[in-house]
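Trainee: Sending over my_file_4.cif (mmCIF, C-alpha atoms).
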data_coords
#
loop_
_atom_site.label_atom_id
_atom_site.label_comp_id
_atom_site.auth_asym_id
_atom_site.auth_seq_id
_atom_site.Cartn_x
_atom_site.Cartn_y
_atom_site.Cartn_z
CA MET A 1 223.37 24.95 -182.89
CA ARG A 2 221.62 21.58 -182.66
CA SER A 3 222.71 21.04 -179.04
CA ALA A 4 221.53 24.54 -178.11
CA THR A 5 218.13 23.76 -179.64
CA LEU A 6 217.86 20.58 -177.55
CA VAL A 7 218.74 22.43 -174.36
CA LEU A 8 216.13 25.11 -175.07
CA SER A 9 213.56 22.44 -175.87
CA CYS A 10 214.19 20.71 -172.53
CA ALA A 11 213.98 23.99 -170.67
CA GLY A 12 210.73 24.82 -172.46
CA VAL A 13 209.13 21.51 -171.50
CA GLY A 14 210.19 22.00 -167.88
CA LEU A 15 208.74 25.52 -167.69
CA ALA A 16 205.50 24.43 -169.32
CA LEU A 17 204.99 21.71 -166.71
CA VAL A 18 205.49 23.91 -163.66
CA THR A 19 202.40 25.72 -162.40
CA GLN A 20 202.44 28.99 -160.58
CA HIS A 21 202.22 27.13 -157.26
CA GLY A 22 205.43 25.26 -157.98
CA CYS A 23 203.81 21.86 -158.57
CA ILE A 24 202.87 19.57 -161.42
CA SER A 25 199.75 17.58 -162.10
CA PRO A 26 201.04 14.00 -162.38
CA LEU A 27 198.83 13.02 -165.32
CA ALA A 28 199.52 16.28 -167.10
CA ALA A 29 203.22 15.81 -166.57
CA VAL A 30 203.14 12.50 -168.37
CA ARG A 31 200.94 13.76 -171.18
CA ARG A 32 203.00 16.85 -171.80
CA SER A 33 206.28 15.01 -171.50
CA SER A 34 205.09 12.25 -173.81
CA GLY A 35 203.72 14.72 -176.33
CA SER A 36 206.82 16.83 -176.43
CA SER A 37 208.80 16.43 -179.61
CA SER A 38 212.00 16.96 -177.69
CA GLY A 39 211.14 14.45 -174.92
CA SER A 40 213.26 11.72 -176.34
CA SER A 41 216.24 14.00 -176.74
CA CYS A 42 215.76 15.33 -173.26
CA ALA A 43 215.71 11.81 -171.89
CA GLY A 44 218.77 10.91 -173.81
CA SER A 45 220.67 13.85 -172.37
CA GLY A 46 219.80 12.88 -168.82
CA CYS A 47 217.87 16.06 -168.01
CA GLY A 48 214.45 14.44 -167.61
CA THR A 49 212.99 14.09 -164.13
CA ILE A 50 209.65 12.42 -164.79
CA VAL A 51 209.23 8.99 -163.21
CA GLU A 52 207.22 5.88 -164.04
CA ALA A 53 204.25 6.60 -166.32
CA ARG A 54 202.05 3.88 -164.90
CA TRP A 55 202.27 5.45 -161.45
CA TYR A 56 200.76 8.62 -162.88
CA ALA A 57 197.98 6.65 -164.52
CA SER A 58 196.98 5.34 -161.09
CA THR A 59 196.54 8.94 -159.87
CA ARG A 60 194.27 9.96 -162.76
CA SER A 61 191.15 10.17 -160.62
CA SER A 62 192.82 12.08 -157.77
CA ARG A 63 194.41 14.78 -159.95
CA THR A 64 196.94 15.19 -157.16
CA CYS A 65 199.28 18.13 -157.42
CA VAL A 66 202.78 16.81 -156.78
CA PRO A 67 205.57 19.25 -155.82
CA VAL A 68 208.36 19.45 -158.35
CA ALA A 69 210.92 18.42 -155.73
CA LYS A 70 209.13 15.11 -155.23
CA LEU A 71 209.41 14.34 -158.92
CA ARG A 72 213.18 14.65 -158.78
CA MET A 73 214.85 11.29 -158.75
CA PRO A 74 217.99 10.88 -156.64
CA ALA A 75 221.28 10.95 -158.47
CA ARG A 76 221.74 7.22 -157.97
CA ALA A 77 218.41 6.47 -159.62
CA ARG A 78 218.98 9.05 -162.35
CA ARG A 79 222.12 7.22 -163.39
CA SER A 80 220.11 4.00 -163.89
CA THR A 81 217.18 5.06 -166.07
CA ALA A 82 215.84 4.05 -169.46
CA SER A 83 214.09 6.12 -172.12
CA THR A 84 210.55 5.04 -173.03
CA LYS A 85 208.76 7.25 -175.53
CA GLY A 86 210.05 10.47 -174.05
CA VAL A 87 209.34 9.48 -170.42
CA ILE A 88 212.19 8.66 -168.09
CA VAL A 89 211.39 5.28 -166.52
CA SER A 90 213.27 4.07 -163.47
CA THR A 91 214.94 0.71 -163.85
CA ASN A 92 213.76 -2.30 -161.89
CA ARG A 93 216.31 -1.65 -159.19
CA PHE A 94 214.65 1.60 -158.18
CA ARG A 95 211.01 0.88 -159.04
CA PRO A 96 208.57 -0.54 -156.50
CA PRO A 97 208.25 -4.33 -156.95
CA SER A 98 204.54 -3.98 -157.76
CA LEU A 99 205.38 -1.82 -160.80
CA VAL A 100 208.01 -4.03 -162.35
CA GLU A 101 206.70 -5.72 -165.46
CA GLY A 102 207.15 -9.45 -165.40
CA ALA A 103 208.67 -9.36 -161.91
CA THR A 104 208.64 -12.70 -160.16
CA LYS A 105 207.74 -12.68 -156.50
CA PRO A 106 210.22 -14.21 -154.07
CA ALA A 107 209.63 -17.93 -153.58
CA PHE A 108 207.92 -17.23 -150.28
CA SER A 109 205.81 -20.38 -150.39
CA THR A 110 208.89 -22.51 -150.97
CA ARG A 111 210.78 -20.89 -148.13
CA LEU A 112 207.78 -21.16 -145.83
CA SER A 113 207.43 -24.84 -146.66
CA ASN A 114 211.12 -25.39 -145.93
CA VAL A 115 210.81 -23.58 -142.59
CA LEU A 116 207.74 -25.59 -141.58
CA ILE A 117 209.37 -28.92 -142.48
CA ASN A 118 212.53 -28.04 -140.55
CA GLU A 119 210.48 -26.87 -137.59
CA ALA A 120 208.42 -30.07 -137.57
CA LEU A 121 211.55 -32.25 -137.73
CA LEU A 122 213.24 -30.26 -134.98
CA ILE A 123 210.19 -30.49 -132.71
CA ALA A 124 209.94 -34.24 -133.34
CA VAL A 125 213.62 -34.87 -132.52
CA LEU A 126 213.49 -32.70 -129.40
CA ALA A 127 210.27 -34.38 -128.25
CA ILE A 128 211.71 -37.90 -128.68
CA THR A 129 214.96 -36.93 -126.96
CA THR A 130 213.19 -35.21 -124.07
CA PHE A 131 210.89 -38.19 -123.58
CA ALA A 132 213.83 -40.61 -123.53
CA VAL A 133 215.73 -38.48 -121.01
CA LEU A 134 212.77 -37.92 -118.68
CA THR A 135 211.61 -41.55 -118.70
CA VAL A 136 215.00 -43.19 -118.11
CA ASP A 137 213.68 -44.64 -114.81
CA GLN A 138 210.17 -45.35 -116.01
CA SER A 139 210.41 -49.06 -115.18
CA ALA A 140 211.32 -48.26 -111.55
CA TRP A 141 208.95 -45.34 -110.89
CA ARG A 142 206.43 -47.33 -108.88
CA GLY A 143 206.31 -45.97 -105.34
CA TRP A 144 208.66 -43.04 -106.10
CA TYR A 145 207.86 -39.48 -105.11
CA PHE A 146 208.07 -36.76 -107.77
CA HIS A 147 211.19 -35.19 -106.26
CA GLU A 148 212.88 -38.61 -106.28
CA ILE A 149 212.20 -38.98 -109.99
CA VAL A 150 213.59 -35.51 -110.74
CA TYR A 151 216.65 -36.14 -108.59
CA ARG A 152 217.47 -39.45 -110.26
CA ILE A 153 217.00 -38.31 -113.90
CA PRO A 154 220.48 -36.75 -114.49
CA LEU A 155 222.35 -39.43 -112.52
CA ASP A 156 220.66 -42.37 -114.19
CA ASN A 157 221.00 -40.87 -117.67
CA TRP A 158 224.74 -40.56 -117.09
CA ASN A 159 224.90 -44.15 -115.81
CA ALA A 160 222.98 -45.30 -118.89
CA TYR A 161 225.46 -43.46 -121.13
CA GLU A 162 228.48 -45.03 -119.44
CA SER A 163 226.96 -48.50 -119.71
CA ALA A 164 226.21 -47.97 -123.40
CA VAL A 165 229.64 -46.52 -124.23
CA ALA A 166 231.27 -49.52 -122.54
CA GLU A 167 229.12 -51.99 -124.47
CA TYR A 168 228.82 -50.20 -127.83
CA PRO A 169 231.67 -47.66 -127.96
CA VAL A 170 231.93 -47.09 -131.72
CA PRO A 171 228.21 -46.81 -132.61
CA LEU A 172 227.49 -44.54 -129.64
CA LYS A 173 230.45 -42.23 -130.26
CA ALA A 174 229.60 -42.16 -133.98
CA ALA A 175 226.01 -41.18 -133.18
CA ILE A 176 227.14 -38.42 -130.81
CA THR A 177 229.55 -37.04 -133.41
CA GLY A 178 226.81 -37.11 -136.05
CA VAL A 179 224.53 -35.05 -133.80
CA THR A 180 227.46 -32.73 -133.07
CA TYR A 181 228.03 -32.00 -136.76
CA LEU A 182 224.31 -31.55 -137.35
CA ALA A 183 224.20 -28.91 -134.61
CA GLY A 184 227.44 -27.28 -135.77
CA ASP A 185 226.39 -27.02 -139.41
CA TRP A 186 222.99 -25.65 -138.41
CA LEU A 187 224.75 -23.06 -136.25
CA ALA A 188 226.91 -22.03 -139.22
CA GLN A 189 223.87 -21.79 -141.49
CA ALA A 190 221.93 -19.81 -138.87
CA ASN A 191 224.71 -17.23 -138.78
CA SER A 192 224.70 -16.92 -142.56
CA LEU A 193 220.88 -16.76 -142.77
CA GLN A 194 220.73 -14.08 -140.09
CA ARG A 195 223.03 -11.86 -142.16
CA ASP A 196 220.55 -12.25 -145.05
CA GLY A 197 217.58 -11.38 -142.81
CA ARG A 198 216.15 -14.90 -142.92
CA SER A 199 215.09 -17.36 -140.23
CA TRP A 200 217.52 -19.92 -138.85
CA LEU A 201 214.80 -22.49 -139.54
CA ASP A 202 215.25 -21.89 -143.27
CA ALA A 203 218.36 -24.08 -143.24
CA ASP A 204 219.38 -26.31 -146.15
CA ARG A 205 218.43 -29.84 -145.09
CA GLY A 206 220.65 -31.40 -147.75
CA ARG A 207 223.69 -29.64 -146.33
CA LEU A 208 222.64 -30.60 -142.79
CA GLY A 209 222.28 -34.23 -143.89
CA ARG A 210 225.73 -34.27 -145.52
CA ALA A 211 227.41 -32.84 -142.42
CA THR A 212 225.58 -35.33 -140.18
CA LEU A 213 226.56 -38.25 -142.40
CA VAL A 214 230.24 -37.26 -142.40
CA GLY A 215 230.23 -37.00 -138.61
CA LEU A 216 228.33 -40.26 -138.15
CA VAL A 217 230.15 -42.50 -140.61
CA LEU A 218 233.68 -41.07 -140.69
CA LEU A 219 234.63 -38.58 -137.98
CA GLY A 220 233.05 -40.35 -135.00
CA PRO A 221 234.78 -43.70 -135.60
CA LEU A 222 238.01 -41.88 -136.54
CA ALA A 223 238.02 -40.01 -133.21
CA HIS A 224 237.31 -43.20 -131.25
CA PHE A 225 240.16 -45.19 -132.80
CA TYR A 226 242.57 -42.26 -132.61
CA TYR A 227 242.14 -41.77 -128.86
CA GLU A 228 242.36 -45.53 -128.36
CA PHE A 229 245.65 -45.43 -130.28
CA VAL A 230 246.99 -42.55 -128.18
CA ASN A 231 245.98 -44.31 -124.97
CA ASP A 232 247.52 -47.65 -125.97
CA GLU A 233 250.59 -46.67 -128.00
CA LEU A 234 251.56 -43.20 -126.80
CA THR A 235 251.02 -43.68 -123.07
CA GLU A 236 254.60 -42.73 -122.21
CA TRP A 237 254.59 -39.56 -124.25
CA PRO A 238 254.49 -36.28 -122.32
CA ILE A 239 251.32 -34.19 -122.65
CA TYR A 240 252.94 -31.53 -124.83
CA ALA A 241 254.06 -34.23 -127.31
CA LYS A 242 250.55 -35.67 -127.51
CA ILE A 243 249.10 -32.20 -128.12
CA LEU A 244 251.72 -31.54 -130.81
CA PHE A 245 250.82 -34.82 -132.51
CA ASP A 246 247.14 -33.89 -132.24
CA GLN A 247 247.67 -30.54 -133.90
CA THR A 248 249.75 -31.81 -136.80
CA ALA A 249 249.15 -35.35 -138.04
CA TYR A 250 245.71 -35.98 -136.54
CA LEU A 251 244.19 -32.54 -137.16
CA ALA A 252 245.44 -32.53 -140.76
CA LEU A 253 243.91 -35.97 -141.37
CA TYR A 254 240.67 -35.01 -139.61
CA ASN A 255 240.20 -31.81 -141.64
CA THR A 256 241.02 -33.62 -144.88
CA VAL A 257 238.46 -36.34 -144.24
CA TYR A 258 235.80 -33.76 -143.39
CA TYR A 259 236.37 -31.47 -146.37
CA VAL A 260 236.92 -34.11 -149.05
CA ALA A 261 233.98 -36.26 -147.89
CA LEU A 262 231.69 -33.23 -147.79
CA LEU A 263 232.56 -32.25 -151.36
CA CYS A 264 232.19 -35.83 -152.60
CA LEU A 265 228.71 -36.02 -151.08
CA ASP A 266 227.94 -32.72 -152.79
CA GLY A 267 228.61 -34.28 -156.19
CA LYS A 268 232.32 -33.75 -156.86
CA SER A 269 234.71 -36.54 -157.69
CA PHE A 270 237.39 -37.56 -155.20
CA GLY A 271 240.11 -36.04 -157.36
CA GLU A 272 238.27 -32.72 -157.71
CA ALA A 273 237.58 -32.57 -153.98
CA LEU A 274 241.20 -33.30 -153.15
CA GLU A 275 242.38 -30.66 -155.60
CA ASP A 276 240.05 -28.08 -154.03
CA TYR A 277 241.29 -28.97 -150.56
CA LYS A 278 244.93 -28.29 -151.44
CA GLY A 279 244.23 -24.58 -151.48
CA GLN A 280 242.36 -24.75 -148.16
CA PHE A 281 244.77 -26.98 -146.19
CA TRP A 282 246.64 -24.31 -144.25
CA ARG A 283 243.54 -22.24 -143.61
CA PHE A 284 241.79 -25.21 -142.01
CA LEU A 285 244.85 -26.24 -140.01
CA THR A 286 245.55 -22.78 -138.59
CA SER A 287 241.88 -22.36 -137.72
CA GLY A 288 242.14 -25.50 -135.60
CA TRP A 289 245.22 -24.15 -133.81
CA LYS A 290 243.13 -21.32 -132.39
CA LEU A 291 240.98 -23.78 -130.45
CA TRP A 292 242.43 -27.26 -129.91
CA PRO A 293 245.74 -26.79 -128.04
CA LEU A 294 243.98 -25.53 -124.91
CA VAL A 295 241.32 -28.22 -125.26
CA GLY A 296 244.09 -30.83 -125.52
CA ILE A 297 245.49 -29.83 -122.12
CA VAL A 298 242.12 -30.59 -120.51
CA THR A 299 241.69 -33.75 -122.59
CA TYR A 300 244.92 -35.38 -121.47
CA THR A 301 244.89 -34.24 -117.84
CA ILE A 302 241.29 -34.39 -116.59
CA ILE A 303 239.02 -36.33 -118.97
CA PRO A 304 238.96 -40.16 -118.60
CA GLN A 305 239.73 -42.20 -121.72
CA GLN A 306 236.17 -43.50 -122.23
CA ASN A 307 234.72 -39.97 -122.10
CA ARG A 308 237.22 -38.15 -124.29
CA VAL A 309 235.16 -38.40 -127.47
CA LEU A 310 232.12 -37.04 -125.60
CA TRP A 311 234.21 -34.13 -124.29
CA ILE A 312 235.71 -33.46 -127.72
CA ASP A 313 232.26 -33.63 -129.34
CA GLY A 314 230.99 -30.97 -126.95
CA ILE A 315 233.76 -28.63 -128.12
CA GLU A 316 233.29 -29.71 -131.73
CA ILE A 317 229.87 -28.10 -131.91
CA ILE A 318 231.82 -24.85 -132.18
CA TYR A 319 234.60 -26.33 -134.31
CA SER A 320 232.19 -28.02 -136.73
CA ALA A 321 230.45 -24.66 -137.18
CA ILE A 322 233.83 -23.14 -138.05
CA LEU A 323 234.63 -25.98 -140.47
CA SER A 324 231.22 -25.72 -142.09
CA SER A 325 231.59 -21.98 -142.60
CA LEU A 326 235.05 -22.43 -144.13
CA ALA A 327 233.94 -25.30 -146.37
CA ASN A 328 230.84 -23.51 -147.65
CA VAL A 329 232.16 -19.95 -147.90
CA GLU A 330 232.67 -20.18 -151.69
CA SER A 331 229.22 -21.61 -152.38
CA GLU A 332 227.57 -18.96 -150.21
CA GLY A 333 229.43 -16.24 -152.06
CA ALA A 334 228.28 -17.67 -155.35
CA ASP A 335 224.65 -17.63 -154.22
#
What's the structure tokens form of this structure?
Mentor:
Amino acid sequence: MRSATLVLSCAGVGLALVTQHGCISPLAAVRRSSGSSSGSSCAGSGCGTIVEARWYASTRSSRTCVPVAKLRMPARARRSTASTKGVIVSTNRFRPPSLVEGATKPAFSTRLSNVLINEALLIAVLAITTFAVLTVDQSAWRGWYFHEIVYRIPLDNWNAYESAVAEYPVPLKAAITGVTYLAGDWLAQANSLQRDGRSWLDADRGRLGRATLVGLVLLGPLAHFYYEFVNDELTEWPIYAKILFDQTAYLALYNTVYYVALLCLDGKSFGEALEDYKGQFWRFLTSGWKLWPLVGIVTYTIIPQQNRVLWIDGIEIIYSAILSSLANVESEGAD
């Protein structure tokens, strides 16, 4: 008997709200629903269809007649509602952001500041690099025609690189590897940010700095000394044996250094980082097998010894992006 009374009460409120034109005055709907003694029961049973009261208050002056169909909430929203004094109020998930009480706006200013800082740093680095490349022959320009300058720029930059790599092999290769891992990590972040609808310039500078530091201090020197070792000690080995050694002992060591160092820079202890890496070892190794065997054929047949790290670093822009995505997949999922 009690349930039948509640059903009749709900039906009575609904009929009283509907005008002969099939529409409801928004303000009247709220008043009548709020004043109904059975409103709370109706809300509790899920049969209410009135939405946010404050929205109706904003239409008080217009006295707009809203069709009943437009007051019907979708089933998804109806399942996530809360009762407030007899009026069904949509939860924050389905209410417009401007109507959510106590809602905090997205940290737009923080994100904008991050984007602007990254953009300024990127422009500065590109400007310095471009200036250095274009002015490689500045001391000898006198009397040159413009087309002579343009023609000599790529050749003389390559000659300058070869002279530097012969004189300072470890620092130069370390610097190139650092830039490689900066670009690779930024590429990985750009892919993740694009999926979230954000700009690639909104990258995490701390993460970029950690990747660059690992490439500069550890991976660059490691690559230099490894290829020196292969050239000096494994000269008689056939190419397939060198590639096999690359893809087992060296690749395993390389991935371990990258992952453990990255986690240590992120605040974990060496033991914790090593423990985390145990579960990722095979995933990292098999990911490398999809790329490096073919690269190894070119490395040991075409590329001269002094340029192998440069060649490898060019490919590692892609590989470092893969490593960065694998290393940060858990943290991104947590965010």
Trainee: Which neighbours of region 232-247 of chain A fall inside 10 Å, counting only C-alpha atoms, when residues of the same chain fewer than 6 positions from it are skipped, and could you give them as a list of chain:residue names?
Mentor: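 Counting only C-alpha atoms, the residues come to A:Tyr226, A:Leu253, A:Tyr254, A:Leu285, A:Thr286, A:Gly288, A:Trp289, A:Trp292, A:Pro293, A:Leu294, A:Val295, A:Gly296, A:Ile297, A:Thr299, A:Tyr300, A:Thr301.
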Trainee: Each residue of region 253-330 of chain A with at least one atom at most 12 Å from region 159-168 of chain A should appear once, together with its nearest atom pair and the corresponding distance in Å (one decimal); atoms considered: all atoms listed in the file; ordering: chain, then increasing residue number; output as CSV.
Mentor:
residue,atom,partner,partner_atom,distance
A:Pro304,CA,A:Glu162,CA,11.6
A:Gln305,CA,A:Ala166,CA,11.2
A:Gln306,CA,A:Val165,CA,7.5
A:Asn307,CA,A:Glu162,CA,8.5
A:Arg308,CA,A:Val165,CA,11.3
A:Val309,CA,A:Val165,CA,10.3
A:Leu310,CA,A:Val165,CA,9.9
Trainee: Keeping only C-alpha atoms, take the residues you just selected and write them out as a short mmCIF file (atom, residue, chain, number, x, y, z; two decimals), in the coordinates of the input.
Mentor:
data_model
loop_
_atom_site.label_atom_id
_atom_site.label_comp_id
_atom_site.auth_asym_id
_atom_site.auth_seq_id
_atom_site.Cartn_x
_atom_site.Cartn_y
_atom_site.Cartn_z
CA PRO A 304 238.96 -40.16 -118.60
CA GLN A 305 239.73 -42.20 -121.72
CA GLN A 306 236.17 -43.50 -122.23
CA ASN A 307 234.72 -39.97 -122.10
CA ARG A 308 237.22 -38.15 -124.29
CA VAL A 309 235.16 -38.40 -127.47
CA LEU A 310 232.12 -37.04 -125.60
#
Trainee: Neighbours of Leu262 (chain A) within 12 Å (all atoms listed in the file; same-chain residues fewer than 5 positions away dropped), as a ChimeraX atom specification?
Mentor: /A:181,185,206-215,217-219,255-257,267-270,272-274,276-277,323-324,326-328
Trainee: Calculate how many Å separate CA of Ile322 (chain A) from CA of Ala188 (chain A), rounding to one decimal.
Mentor: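 Computing the Euclidean distance for CA of Ile322 (chain A) and CA of Ala188 (chain A) yields 7.1 Å.
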Trainee: Please define a box with edges along x, y and z of the file around all atoms of region 233-247 of chain A given in the file, extend it by 6 Å on each side, and return its centre and edge lengths in Å to one decimal, as JSON.
Mentor:
{"center_x": 250.9, "center_y": -38.6, "center_z": -128.1, "size_x": 19.5, "size_y": 28.1, "size_z": 23.7}
Trainee: To one decimal place in Å, what is the distance between CA of Ala203 (chain A) and CA of Ile117 (chain A)?
Mentor: 10.2 Å
Trainee: Taking the file as shown, find all residues satisfying the PyMOL selection byres ((chain A and resi 128-136) around 12) and write them as an MDAnalysis selection string.
Mentor: chainID A and resid 121:127 137:141 146 149:161 179
Trainee: Name the residues captured by the PyMOL selection byres ((chain A and resi 317) around 7) when it is applied to the shown file; answer as a VMD selection string.
Mentor: chain A and resid 180 to 181 183 to 184 313 to 316 318 to 321
Trainee: Between A:Ile312, A:Ala223, A:Val115, A:Ile302, which residue has the minimum interatomic distance to Leu201 (chain A), considering only C-alpha atoms?
Mentor: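 Among A:Ile312, A:Ala223, A:Val115, A:Ile302, it is A:Val115 that comes nearest to Leu201 (chain A).
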Trainee: Between CA of Asn118 (chain A) and CA of Gln194 (chain A), what is the distance in Å, rounded to a tenth?
Mentor: 16.2 Å
